[in-house]
$ cat start-v6.txt   # compact mmCIF, C-alpha atoms
# COMPACT_ATOMS: atom_id res chain seq x y z
CA MET B 1298 0.00 0.00 0.00
CA LYS B 1299 1.06 3.61 -0.43
CA ILE B 1300 1.98 5.84 2.49
CA SER B 1301 -1.40 7.59 2.20
CA GLU B 1302 -3.26 4.31 2.75
CA LEU B 1303 -0.87 3.37 5.58
CA SER B 1304 -1.70 6.70 7.18
CA ARG B 1305 -5.44 6.29 6.74
CA ARG B 1306 -5.54 2.73 8.07
CA SER B 1307 -3.24 3.41 11.03
CA GLY B 1308 -4.63 6.80 11.98
CA VAL B 1309 -1.05 8.15 12.04
CA SER B 1310 -0.38 11.29 9.97
CA ILE B 1311 1.97 11.13 6.96
CA PRO B 1312 4.54 13.55 8.50
CA THR B 1313 4.64 11.39 11.65
CA ILE B 1314 5.10 8.22 9.57
CA LYS B 1315 7.96 9.91 7.70
CA TYR B 1316 9.52 10.87 11.03
CA TYR B 1317 9.31 7.24 12.22
CA LEU B 1318 10.88 6.08 8.92
CA ARG B 1319 13.74 8.58 9.25
CA ASP B 1320 14.25 7.60 12.86
CA GLY B 1321 14.40 3.89 12.04
CA LEU B 1322 11.37 3.13 14.22
CA LEU B 1323 9.54 1.85 11.14
CA PRO B 1324 11.50 -0.06 8.46
CA GLN B 1325 11.65 1.49 4.99
CA GLY B 1326 9.06 0.33 2.47
CA GLN B 1327 9.84 -1.34 -0.85
CA ALA B 1328 10.91 1.46 -3.22
CA THR B 1329 8.67 1.55 -6.30
CA ALA B 1330 9.75 4.89 -7.78
CA ALA B 1331 11.73 7.94 -6.78
CA ASN B 1332 10.12 9.22 -3.58
CA GLN B 1333 7.55 6.42 -3.58
CA ALA B 1334 7.48 3.18 -1.65
CA ASP B 1335 5.17 0.28 -1.01
CA TYR B 1336 4.22 -0.68 2.56
CA SER B 1337 3.00 -4.06 3.79
CA GLU B 1338 0.49 -5.27 6.38
CA GLU B 1339 3.54 -5.81 8.61
CA HIS B 1340 4.24 -2.07 8.42
CA LEU B 1341 0.67 -1.36 9.42
CA ARG B 1342 0.84 -3.74 12.37
CA ARG B 1343 4.13 -2.25 13.52
CA LEU B 1344 2.81 1.28 13.16
CA ARG B 1345 -0.21 0.43 15.32
CA LEU B 1346 2.12 -1.01 17.94
CA ILE B 1347 4.25 2.16 17.87
CA ARG B 1348 1.16 4.32 18.18
CA THR B 1349 -0.02 2.35 21.20
CA LEU B 1350 3.32 2.51 22.94
CA ILE B 1351 3.81 6.22 22.30
CA GLY B 1352 0.24 7.48 22.29
CA VAL B 1353 -1.46 5.38 24.92
CA ARG B 1354 1.42 4.45 27.18
CA ARG B 1355 3.28 7.73 26.65
CA LEU B 1356 6.64 6.05 26.11
CA SER B 1357 9.43 8.06 24.48
CA VAL B 1358 10.46 7.41 20.88
CA SER B 1359 13.82 6.10 22.10
CA ALA B 1360 12.17 3.72 24.58
CA VAL B 1361 9.91 2.36 21.83
CA LYS B 1362 12.93 1.98 19.54
CA GLU B 1363 14.70 -0.05 22.20
CA ILE B 1364 11.69 -2.32 22.69
CA LEU B 1365 11.18 -2.86 18.95
CA SER B 1366 14.82 -3.59 18.19
CA ALA B 1367 15.00 -5.98 21.11
CA ILE B 1368 11.89 -7.77 19.84
CA THR B 1369 13.47 -8.13 16.41
CA GLU B 1370 16.65 -9.58 17.88
CA GLU B 1371 14.97 -12.00 20.22
CA GLY B 1372 13.35 -15.29 19.43
CA ASP B 1373 10.96 -16.84 21.86
CA LEU B 1374 7.88 -15.58 23.61
CA HIS B 1375 9.48 -15.67 27.05
CA GLN B 1376 12.17 -13.24 25.87
CA ILE B 1377 9.58 -10.95 24.27
CA PHE B 1378 7.43 -10.99 27.40
CA GLY B 1379 10.53 -10.20 29.42
CA ILE B 1380 11.38 -7.21 27.26
CA VAL B 1381 7.85 -5.91 27.48
CA ILE B 1382 7.67 -6.20 31.27
CA GLU B 1383 11.27 -4.94 31.56
CA ALA B 1384 12.33 -8.21 33.08
CA ARG B 1385 14.86 -8.95 30.32
CA PRO B 1386 15.20 -12.57 31.42
CA ALA B 1387 18.72 -13.84 31.08
CA LYS B 1388 19.82 -16.15 28.33
CA LEU B 1389 21.64 -19.20 29.56
CA GLN B 1390 25.12 -17.75 28.96
CA ASP B 1391 24.30 -14.47 30.75
CA LYS B 1392 22.52 -15.93 33.74
CA GLN B 1393 25.54 -16.78 35.86
CA LYS B 1394 27.09 -13.37 35.18
CA GLN B 1395 23.83 -11.70 36.16
CA GLU B 1396 23.60 -13.65 39.39
CA GLU B 1397 27.14 -12.75 40.35
CA ALA B 1398 26.43 -9.07 39.71
CA ALA B 1399 23.23 -9.30 41.77
CA ALA B 1400 25.12 -10.96 44.62
CA GLN B 1401 27.75 -8.22 44.67
CA ARG B 1402 25.33 -5.32 44.55
CA GLU B 1403 24.44 -4.14 48.01
CA GLU B 1404 20.79 -4.74 48.62
CA SER B 1405 18.43 -2.49 50.53
CA PRO B 1406 16.35 -4.18 53.27
CA GLY B 1407 13.33 -3.77 50.97
CA VAL B 1408 14.98 -5.73 48.16
CA THR B 1409 15.95 -8.45 50.63
CA ASP B 1410 12.30 -8.61 51.73
CA ALA B 1411 11.17 -8.68 48.09
CA HIS B 1412 13.36 -11.77 47.63
CA LYS B 1413 11.63 -13.36 50.64
CA LEU B 1414 8.20 -12.70 49.14
CA ILE B 1415 9.25 -14.11 45.75
CA SER B 1416 10.68 -17.18 47.42
CA LYS B 1417 7.52 -17.67 49.50
CA MET B 1418 5.39 -17.41 46.36
CA GLY B 1419 7.71 -19.87 44.59
CA TRP B 1420 8.06 -17.51 41.63
CA ASP B 1421 10.74 -18.33 39.08
CA VAL B 1422 12.11 -14.91 38.12
CA SER B 1423 15.41 -13.45 36.97
CA PRO B 1424 17.57 -12.24 39.90
CA SER B 1425 17.94 -8.79 38.35
CA THR B 1426 14.37 -8.28 37.17
CA ALA B 1427 13.23 -4.65 37.35
CA ALA B 1428 10.01 -5.49 39.23
CA LEU B 1429 12.03 -6.96 42.10
CA TYR B 1430 13.69 -3.60 42.69
CA ALA B 1431 10.42 -1.71 42.22
CA LEU B 1432 8.87 -3.89 44.93
CA GLY B 1433 11.93 -3.39 47.12
CA ASP B 1434 11.62 0.40 46.77
CA VAL B 1435 8.02 0.31 47.98
CA LEU B 1436 8.95 -1.92 50.93
CA ASP B 1437 11.76 0.49 51.84
CA ALA B 1438 9.36 3.45 51.62
CA LEU B 1439 6.79 1.67 53.82
CA ASN B 1440 9.52 0.99 56.35
CA ASP B 1441 10.72 4.62 56.28
CA LEU B 1442 7.16 5.69 57.04
CA ASP B 1443 7.09 3.39 60.09
CA SER B 1444 4.24 1.55 58.43
CA ASP B 1445 3.11 -1.83 59.74
CA ILE B 1446 2.71 -3.02 56.13
CA ASP B 1447 5.61 -5.37 55.43
CA TRP B 1448 6.36 -8.08 52.85
CA GLN B 1449 4.24 -10.61 54.71
CA SER B 1450 1.16 -8.41 54.65
CA LEU B 1451 1.67 -8.10 50.89
CA LEU B 1452 1.32 -11.88 50.45
CA PRO B 1453 -2.48 -11.77 49.95
CA TYR B 1454 -1.87 -9.15 47.25
CA ALA B 1455 0.80 -11.38 45.69
CA ARG B 1456 -1.70 -14.26 45.52
CA LEU B 1457 -4.23 -12.06 43.71
CA ALA B 1458 -1.46 -10.78 41.40
CA ASP B 1459 -0.66 -14.39 40.64
CA ARG B 1460 -4.26 -15.00 39.56
CA ILE B 1461 -4.18 -11.82 37.45
CA SER B 1462 -1.04 -13.08 35.67
CA GLU B 1463 -2.87 -16.34 34.90
CA LEU B 1464 -5.58 -14.31 33.15
CA ASP B 1465 -2.79 -12.42 31.35
CA VAL B 1466 -1.03 -15.46 29.92
CA GLU B 1467 -4.36 -17.03 28.92
CA LYS B 1468 -4.77 -14.03 26.63
CA MET B 1469 -1.48 -14.86 24.88
CA HIS B 1470 -2.73 -18.17 23.50
CA GLY B 1471 -3.69 -18.50 19.86
CA THR B 1472 -1.19 -15.86 18.77
CA SER B 1473 1.66 -16.52 16.35
CA GLY B 1474 4.25 -14.48 14.50
CA LEU B 1475 6.87 -12.45 16.33
CA LEU B 1476 5.34 -9.02 15.87
CA GLU B 1477 1.84 -10.28 16.63
CA LEU B 1478 3.13 -11.91 19.83
CA ALA B 1479 4.94 -8.72 20.80
CA GLU B 1480 1.83 -6.68 20.11
CA ARG B 1481 -0.20 -9.03 22.26
CA ALA B 1482 2.36 -8.95 25.08
CA VAL B 1483 2.34 -5.15 25.02
CA LEU B 1484 -1.43 -5.11 24.99
CA VAL B 1485 -1.84 -7.54 27.86
CA SER B 1486 1.03 -6.48 30.04
CA VAL B 1487 1.46 -2.78 29.43
CA LEU B 1488 -1.84 -1.49 28.07
CA LEU B 1489 -3.91 -3.31 30.70
CA GLU B 1490 -1.88 -1.71 33.53
CA PRO B 1491 -3.91 1.51 33.66
CA ALA B 1492 -7.09 -0.56 33.33
CA LEU B 1493 -6.17 -2.62 36.38
CA LEU B 1494 -5.31 0.47 38.40
CA ALA B 1495 -8.60 2.05 37.34
CA LEU B 1496 -10.55 -1.09 38.28
CA ARG B 1497 -8.91 -1.11 41.72
CA LYS B 1498 -9.80 2.57 42.23
CA LEU B 1499 -13.40 1.98 41.21
CA ALA B 1500 -13.64 -0.97 43.58
CA GLN B 1501 -12.00 1.10 46.34
CA GLU B 1502 -14.48 3.90 45.82
CA ASP B 1503 -17.32 1.39 46.05
CA LYS B 1504 -15.98 -0.14 49.27
CA SER B 1505 -15.30 3.32 50.68
CA ALA B 1506 -18.85 4.44 49.87
CA ARG B 1507 -20.31 1.37 51.54
CA LEU B 1508 -18.09 1.36 54.61
CA PHE B 1509 -16.97 4.88 55.35
CA SER B 1510 -19.58 7.25 54.00
CA ASP B 1511 -21.31 9.11 56.83
CA SER B 1512 -24.41 10.11 54.91
CA PRO B 1513 -26.51 7.21 53.65
CA ASP B 1514 -28.65 9.78 51.77
CA GLU B 1515 -25.81 10.19 49.33
CA LYS B 1516 -26.29 6.71 48.00
CA GLU B 1517 -28.82 6.04 45.35
CA ALA B 1518 -31.18 3.18 44.85
CA ASP B 1519 -30.31 2.52 41.22
CA MET I 450 11.11 20.09 68.53
CA LYS I 451 13.52 22.36 66.67
CA ILE I 452 13.83 22.30 62.89
CA SER I 453 17.10 20.35 63.20
CA GLU I 454 15.33 17.52 65.03
CA LEU I 455 12.43 17.66 62.57
CA SER I 456 14.99 17.27 59.77
CA ARG I 457 16.77 14.40 61.47
CA ARG I 458 13.60 12.47 62.31
CA SER I 459 11.97 12.98 58.90
CA GLY I 460 15.08 12.53 56.79
CA VAL I 461 14.22 15.77 54.97
CA SER I 462 16.99 18.40 54.77
CA ILE I 463 16.57 21.75 56.54
CA PRO I 464 16.63 23.79 53.28
CA THR I 465 13.86 21.55 51.87
CA ILE I 466 11.79 21.94 55.06
CA LYS I 467 12.21 25.73 54.79
CA TYR I 468 11.07 25.55 51.18
CA TYR I 469 7.95 23.60 52.20
CA LEU I 470 7.26 26.15 54.96
CA ARG I 471 7.60 29.10 52.54
CA ASP I 472 5.43 27.29 50.00
CA GLY I 473 2.69 26.62 52.55
CA LEU I 474 2.98 22.86 52.15
CA LEU I 475 3.92 22.57 55.79
CA PRO I 476 2.24 24.86 58.37
CA GLN I 477 4.49 27.27 60.27
CA GLY I 478 5.75 26.14 63.65
CA GLN I 479 5.11 27.89 66.95
CA ALA I 480 7.49 30.89 67.05
CA THR I 481 9.72 30.71 70.13
CA ALA I 482 12.26 33.42 69.27
CA ALA I 483 13.32 35.48 66.28
CA ASN I 484 14.15 32.99 63.54
CA GLN I 485 13.29 30.04 65.76
CA ALA I 486 10.17 27.92 65.94
CA ASP I 487 8.89 24.81 67.63
CA TYR I 488 7.50 21.91 65.59
CA SER I 489 5.11 19.19 66.76
CA GLU I 490 4.65 15.49 66.05
CA GLU I 491 1.90 16.60 63.67
CA HIS I 492 4.53 18.47 61.63
CA LEU I 493 6.68 15.35 61.52
CA ARG I 494 3.76 13.22 60.37
CA ARG I 495 2.81 15.71 57.67
CA LEU I 496 6.42 16.01 56.51
CA ARG I 497 6.66 12.25 56.14
CA LEU I 498 3.43 12.26 54.11
CA ILE I 499 4.82 15.03 51.86
CA ARG I 500 8.08 13.15 51.41
CA THR I 501 6.19 10.00 50.40
CA LEU I 502 3.98 11.82 47.92
CA ILE I 503 6.85 13.74 46.34
CA GLY I 504 9.75 11.34 46.77
CA VAL I 505 8.17 7.97 46.26
CA ARG I 506 5.17 8.78 44.10
CA ARG I 507 6.94 11.59 42.23
CA LEU I 508 4.01 13.98 42.55
CA SER I 509 4.63 17.69 41.97
CA VAL I 510 4.71 20.14 44.87
CA SER I 511 1.51 21.74 43.59
CA ALA I 512 -0.28 18.37 43.33
CA VAL I 513 0.70 17.57 46.92
CA LYS I 514 -0.47 21.00 48.03
CA GLU I 515 -3.85 20.38 46.44
CA ILE I 516 -4.20 16.99 48.13
CA LEU I 517 -3.16 18.32 51.55
CA SER I 518 -5.43 21.36 51.43
CA ALA I 519 -8.35 19.20 50.29
CA ILE I 520 -7.72 16.82 53.18
CA THR I 521 -7.75 19.70 55.64
CA GLU I 522 -11.05 21.00 54.27
CA GLU I 523 -12.83 17.65 54.16
CA GLY I 524 -14.25 15.71 57.00
CA ASP I 525 -15.03 12.05 56.59
CA LEU I 526 -12.92 9.14 55.48
CA HIS I 527 -14.94 8.56 52.31
CA GLN I 528 -14.09 12.08 51.14
CA ILE I 529 -10.42 11.65 52.01
CA PHE I 530 -10.28 8.33 50.21
CA GLY I 531 -11.94 9.99 47.24
CA ILE I 532 -9.37 12.77 47.13
CA VAL I 533 -6.53 10.31 47.35
CA ILE I 534 -7.84 8.10 44.54
CA GLU I 535 -8.89 11.20 42.55
CA ALA I 536 -12.50 10.11 42.72
CA ARG I 537 -13.57 13.29 44.51
CA PRO I 538 -16.95 11.81 45.41
CA ALA I 539 -19.75 14.33 45.29
CA LYS I 540 -21.31 15.78 48.37
CA LEU I 541 -25.09 15.54 48.48
CA GLN I 542 -25.64 19.07 47.12
CA ASP I 543 -23.22 18.58 44.21
CA LYS I 544 -24.29 15.15 43.14
CA GLN I 545 -27.25 16.09 40.96
CA LYS I 546 -25.21 18.82 39.27
CA GLN I 547 -22.44 16.36 38.59
CA GLU I 548 -24.82 13.81 37.11
CA GLU I 549 -26.33 16.40 34.81
CA ALA I 550 -22.86 17.40 33.63
CA ALA I 551 -21.92 13.77 33.06
CA ALA I 552 -25.11 13.19 31.06
CA GLN I 553 -24.40 16.18 28.81
CA ARG I 554 -20.77 15.31 28.12
CA GLU I 555 -20.41 13.24 24.99
CA GLU I 556 -19.08 9.85 25.91
CA SER I 557 -16.63 7.75 23.95
CA PRO I 558 -17.67 4.13 23.29
CA GLY I 559 -15.02 3.08 25.81
CA VAL I 560 -16.59 5.18 28.57
CA THR I 561 -20.01 3.74 27.73
CA ASP I 562 -18.50 0.26 28.05
CA ALA I 563 -16.82 1.24 31.33
CA HIS I 564 -20.30 2.15 32.63
CA LYS I 565 -21.53 -1.31 31.61
CA LEU I 566 -18.71 -2.98 33.49
CA ILE I 567 -19.34 -0.88 36.60
CA SER I 568 -23.04 -1.65 36.46
CA LYS I 569 -22.36 -5.38 35.99
CA MET I 570 -20.06 -5.32 39.03
CA GLY I 571 -22.69 -3.43 41.02
CA TRP I 572 -20.12 -0.81 42.05
CA ASP I 573 -21.41 2.36 43.69
CA VAL I 574 -19.18 5.08 42.25
CA SER I 575 -19.44 8.77 41.40
CA PRO I 576 -20.57 9.32 37.76
CA SER I 577 -17.59 11.60 37.12
CA THR I 578 -14.91 9.59 38.85
CA ALA I 579 -11.48 9.81 37.18
CA ALA I 580 -11.00 6.04 37.10
CA LEU I 581 -14.13 5.62 34.95
CA TYR I 582 -12.56 7.75 32.22
CA ALA I 583 -9.16 6.06 32.62
CA LEU I 584 -10.85 2.71 32.07
CA GLY I 585 -12.79 4.13 29.11
CA ASP I 586 -9.54 5.34 27.52
CA VAL I 587 -8.03 1.88 27.70
CA LEU I 588 -11.18 0.31 26.23
CA ASP I 589 -11.07 2.85 23.38
CA ALA I 590 -7.39 2.08 22.76
CA LEU I 591 -8.08 -1.67 22.72
CA ASN I 592 -10.84 -1.08 20.21
CA ASP I 593 -8.60 1.12 18.03
CA LEU I 594 -6.08 -1.70 17.94
CA ASP I 595 -8.79 -4.13 16.73
CA SER I 596 -8.20 -6.12 19.90
CA ASP I 597 -10.64 -8.83 20.94
CA ILE I 598 -10.26 -7.66 24.57
CA ASP I 599 -13.47 -5.83 25.47
CA TRP I 600 -15.22 -4.81 28.71
CA GLN I 601 -16.62 -8.29 29.18
CA SER I 602 -13.21 -9.94 29.01
CA LEU I 603 -12.11 -7.48 31.70
CA LEU I 604 -14.76 -8.78 34.13
CA PRO I 605 -12.48 -11.48 35.62
CA TYR I 606 -9.92 -8.72 36.24
CA ALA I 607 -12.63 -6.56 37.82
CA ARG I 608 -13.51 -9.39 40.21
CA LEU I 609 -9.87 -9.70 41.29
CA ALA I 610 -9.63 -5.90 41.63
CA ASP I 611 -12.68 -6.09 43.88
CA ARG I 612 -10.88 -8.55 46.14
CA ILE I 613 -7.78 -6.34 46.14
CA SER I 614 -9.91 -3.38 47.27
CA GLU I 615 -11.25 -5.49 50.13
CA LEU I 616 -7.67 -6.03 51.30
CA ASP I 617 -7.14 -2.26 50.91
CA VAL I 618 -10.03 -1.15 53.09
CA GLU I 619 -9.16 -3.78 55.71
CA LYS I 620 -5.87 -1.91 56.11
CA MET I 621 -7.77 1.32 56.95
CA HIS I 622 -9.26 -0.07 60.15
CA GLY I 623 -7.88 0.94 63.51
CA THR I 624 -6.80 4.35 62.26
CA SER I 625 -8.05 7.64 63.66
CA GLY I 626 -7.26 11.32 63.28
CA LEU I 627 -7.62 13.12 59.98
CA LEU I 628 -3.96 13.30 59.01
CA GLU I 629 -3.36 9.74 60.12
CA LEU I 630 -6.33 8.56 58.03
CA ALA I 631 -5.09 10.55 55.04
CA GLU I 632 -1.60 9.13 55.46
CA ARG I 633 -3.05 5.64 55.60
CA ALA I 634 -5.23 6.22 52.53
CA VAL I 635 -2.22 7.50 50.60
CA LEU I 636 -0.17 4.56 51.74
CA VAL I 637 -2.74 1.93 50.85
CA SER I 638 -4.12 3.43 47.69
CA VAL I 639 -1.24 5.32 46.13
CA LEU I 640 1.95 3.85 47.54
CA LEU I 641 0.83 0.26 47.02
CA GLU I 642 0.12 0.91 43.31
CA PRO I 643 3.70 0.35 42.15
CA ALA I 644 3.91 -2.68 44.47
CA LEU I 645 0.84 -4.23 42.82
CA LEU I 646 2.19 -3.58 39.33
CA ALA I 647 5.53 -5.07 40.37
CA LEU I 648 3.82 -8.14 41.85
CA ARG I 649 1.89 -8.65 38.62
CA LYS I 650 5.08 -8.39 36.56
CA LEU I 651 6.88 -10.87 38.80
CA ALA I 652 3.96 -13.29 38.52
CA GLN I 653 3.86 -12.75 34.73
CA GLU I 654 7.55 -13.48 34.46
CA ASP I 655 7.06 -16.66 36.46
CA LYS I 656 4.14 -17.82 34.27
CA SER I 657 6.05 -16.86 31.15
CA ALA I 658 9.11 -18.85 32.30
CA ARG I 659 6.96 -21.88 33.03
CA LEU I 660 4.81 -21.75 29.91
CA PHE I 661 6.76 -20.08 27.15
CA SER I 662 10.44 -20.63 27.81
CA ASP I 663 11.98 -22.89 25.16
CA SER I 664 15.01 -23.90 27.15
CA PRO I 665 14.25 -25.82 30.35
CA ASP I 666 17.99 -25.68 31.16
CA GLU I 667 17.54 -22.02 32.03
CA LYS I 668 15.44 -22.88 35.04
CA GLU I 669 17.09 -23.69 38.28
CA ALA I 670 16.28 -26.15 40.94
CA ASP I 671 16.55 -23.74 43.90
$ encode --input "start-v6.txt" --output "structure tokens"
Amino acid sequence: MKISELSRRSGVSIPTIKYYLRDGLLPQGQATAANQADYSEEHLRRLRLIRTLIGVRRLSVSAVKEILSAITEEGDLHQIFGIVIEARPAKLQDKQKQEEAAAQREESPGVTDAHKLISKMGWDVSPSTAALYALGDVLDALNDLDSDIDWQSLLPYARLADRISELDVEKMHGTSGLLELAERAVLVSVLLEPALLALRKLAQEDKSARLFSDSPDEKEAD
Amino acid sequence: MKISELSRRSGVSIPTIKYYLRDGLLPQGQATAANQADYSEEHLRRLRLIRTLIGVRRLSVSAVKEILSAITEEGDLHQIFGIVIEARPAKLQDKQKQEEAAAQREESPGVTDAHKLISKMGWDVSPSTAALYALGDVLDALNDLDSDIDWQSLLPYARLADRISELDVEKMHGTSGLLELAERAVLVSVLLEPALLALRKLAQEDKSARLFSDSPDEKEAD
């Protein structure tokens, strides 16, 4: 298809497509004439993925470039999933190196507690996965605030997160093709994040209305 | 206590405390002499809350100011919870006005679907709650991407979010005092957000390793 059709079907403007082409985010089309090229369905799919990552998830162009080039270099679904969730699971040859680095790095008490939680849940994750440190940061912050919420009181949350991840991977079935798999992984893992946070807030508001609201008149009978 | 002790106990530097005092984020202490003031435990508690909101949740000073002043103006826990989760539930006198405004606003298909999901879950939420529109945006994006994930396939997630919110409100019990309640609401609702996302990613990585990894050698027996 021509760039005009690619633009129409993707909803991305022609100048933006040209910018992505110049920047290497989108591979060049098949040249058909001077200043004219032919684009495939693969281009369309990739463009939609770029639009989602940049437009919906507000990632930077360079972050999207990194994700896309990593996807192209990697083979299996576990690697793709890892890239998408920033886990970057180690390949066999890198794993020992990674573990040594992790062992040498000085860990905050929160990260140590995060390891305890992961071990208790029996989760098989890379020792340098980004989420481990994110969890550790929260545990450190809770501790700094003298909160009574520790890694053990997060276990019920971890069990629910485990069930959420089962729903997530179910949604990956029936998908094939590297870019399609990557798109699906982005969709399920990254795009559903704000949906999950929104669902939790809605449920919190409901519980709060039922339990804490002083004025029963405020509630409606619908 | 003097500002030096306030700094030591909160972990916030004296220049930063002075900046918060000038900016009205932190109320002035009791003046004891020229250029000297006495600060209470309430100041310490508020400073820790500010540090969490700015340092851990990366909110702007003006966003924190808005939250803190809203907390001071509001009375009951439901209102505080609403402010913290950006729901800003309507008071009785505002509710009808809000519903009329919501009815007039043109809704995207995603927001209409978000209403369906909320109704199906039986959640009692404000018609203009921020999370409703956040959920609607995701549903619109999924639709734009020709995804087969619609509001009905999000219902299992909504049920798990409902159970998460039950854990959340459980953590609010046994708390009293407006600032303490607000601190707790921030902690549970806002500070636990990155922890939940991290837990989901860890669980995803585990499922991905078990289901999608091609090389069983990569897994370890620990």
$ atom_distance --input "start-v6.txt" --atom1 "CA of Asp611 (chain I)" --atom2 "CA of Ile499 (chain I)"
28.6 Å
$ atom_distance --input "start-v6.txt" --atom1 "CA of Arg1497 (chain B)" --atom2 "CA of Thr1426 (chain B)"
24.8 Å
$ closest_residue --input "start-v6.txt" --among "B:Leu1374, B:Leu1318, B:Val1422, B:Leu1356" --to "Glu1477 (chain B)" --atoms "all atoms listed in the file"
B:Leu1374
$ residues_around --input "start-v6.txt" --residues "Asp586 (chain I)" --least-positions-apart "5" --cutoff "10 Å" --atoms "only C-alpha atoms" --output "list of chain:residue names"
B:Val1353, B:Pro1491, B:Ala1492, I:Ser557, I:Pro558, I:Gly559, I:Val560, I:Ala563, I:Ala580, I:Leu581, I:Leu591, I:Asn592
$ atom_distance --input "start-v6.txt" --atom1 "CA of Leu660 (chain I)" --atom2 "CA of Ser602 (chain I)"
21.6 Å
$ closest_atom_pairs --input "start-v6.txt" --of "region 620-662 of chain I" --to "region 1416-1421 of chain B" --cutoff "10 Å" --atoms "only C-alpha atoms" --output "JSON lines"
{"residue": "I:Leu651", "atom": "CA", "partner": "B:Trp1420", "partner_atom": "CA", "distance": 7.3}
{"residue": "I:Ala652", "atom": "CA", "partner": "B:Trp1420", "partner_atom": "CA", "distance": 6.7}
{"residue": "I:Gln653", "atom": "CA", "partner": "B:Trp1420", "partner_atom": "CA", "distance": 9.4}
{"residue": "I:Glu654", "atom": "CA", "partner": "B:Asp1421", "partner_atom": "CA", "distance": 7.4}
{"residue": "I:Asp655", "atom": "CA", "partner": "B:Asp1421", "partner_atom": "CA", "distance": 4.8}
{"residue": "I:Lys656", "atom": "CA", "partner": "B:Asp1421", "partner_atom": "CA", "distance": 8.2}
{"residue": "I:Ser657", "atom": "CA", "partner": "B:Asp1421", "partner_atom": "CA", "distance": 9.3}
{"residue": "I:Ala658", "atom": "CA", "partner": "B:Asp1421", "partner_atom": "CA", "distance": 7.0}
{"residue": "I:Arg659", "atom": "CA", "partner": "B:Asp1421", "partner_atom": "CA", "distance": 8.0}
$ residues_around --input "start-v6.txt" --residues "Met450 (chain I)" --least-positions-apart "3" --cutoff "7 Å" --atoms "all atoms listed in the file" --output "ChimeraX atom specification"
/I:454-455,487-489
$ write_last_selection --input "start-v6.txt" --atoms "C-alpha atoms" --output "PDB file, in the coordinates of the input"
ATOM      1  CA  GLU I 454      15.330  17.520  65.030  1.00  0.00           C
ATOM      2  CA  LEU I 455      12.430  17.660  62.570  1.00  0.00           C
ATOM      3  CA  ASP I 487       8.890  24.810  67.630  1.00  0.00           C
ATOM      4  CA  TYR I 488       7.500  21.910  65.590  1.00  0.00           C
ATOM      5  CA  SER I 489       5.110  19.190  66.760  1.00  0.00           C
TER       6      SER I 489
END
$ closest_residue --input "start-v6.txt" --among "B:Lys1362, B:Ala1328, B:Glu1339, B:Leu1414" --to "Ala1455 (chain B)" --atoms "all atoms listed in the file"
B:Leu1414
$ closest_residue --input "start-v6.txt" --among "I:Leu474, I:Ile529, I:Val510, I:Ala647" --to "Gly626 (chain I)" --atoms "only C-alpha atoms"
I:Ile529
$ closest_residue --input "start-v6.txt" --among "B:Arg1456, B:Arg1305, B:Lys1315, B:His1375" --to "chain I" --atoms "all atoms listed in the file"
B:His1375
$ closest_residue --input "start-v6.txt" --among "B:Leu1476, B:Leu1496, B:Leu1484, B:Leu1452" --to "Thr1349 (chain B)" --atoms "only C-alpha atoms"
B:Leu1484
$ closest_residue --input "start-v6.txt" --among "B:Glu1490, B:Asp1437, B:Glu1480, B:Asp1445" --to "Ala610 (chain I)" --atoms "only C-alpha atoms"
B:Glu1490
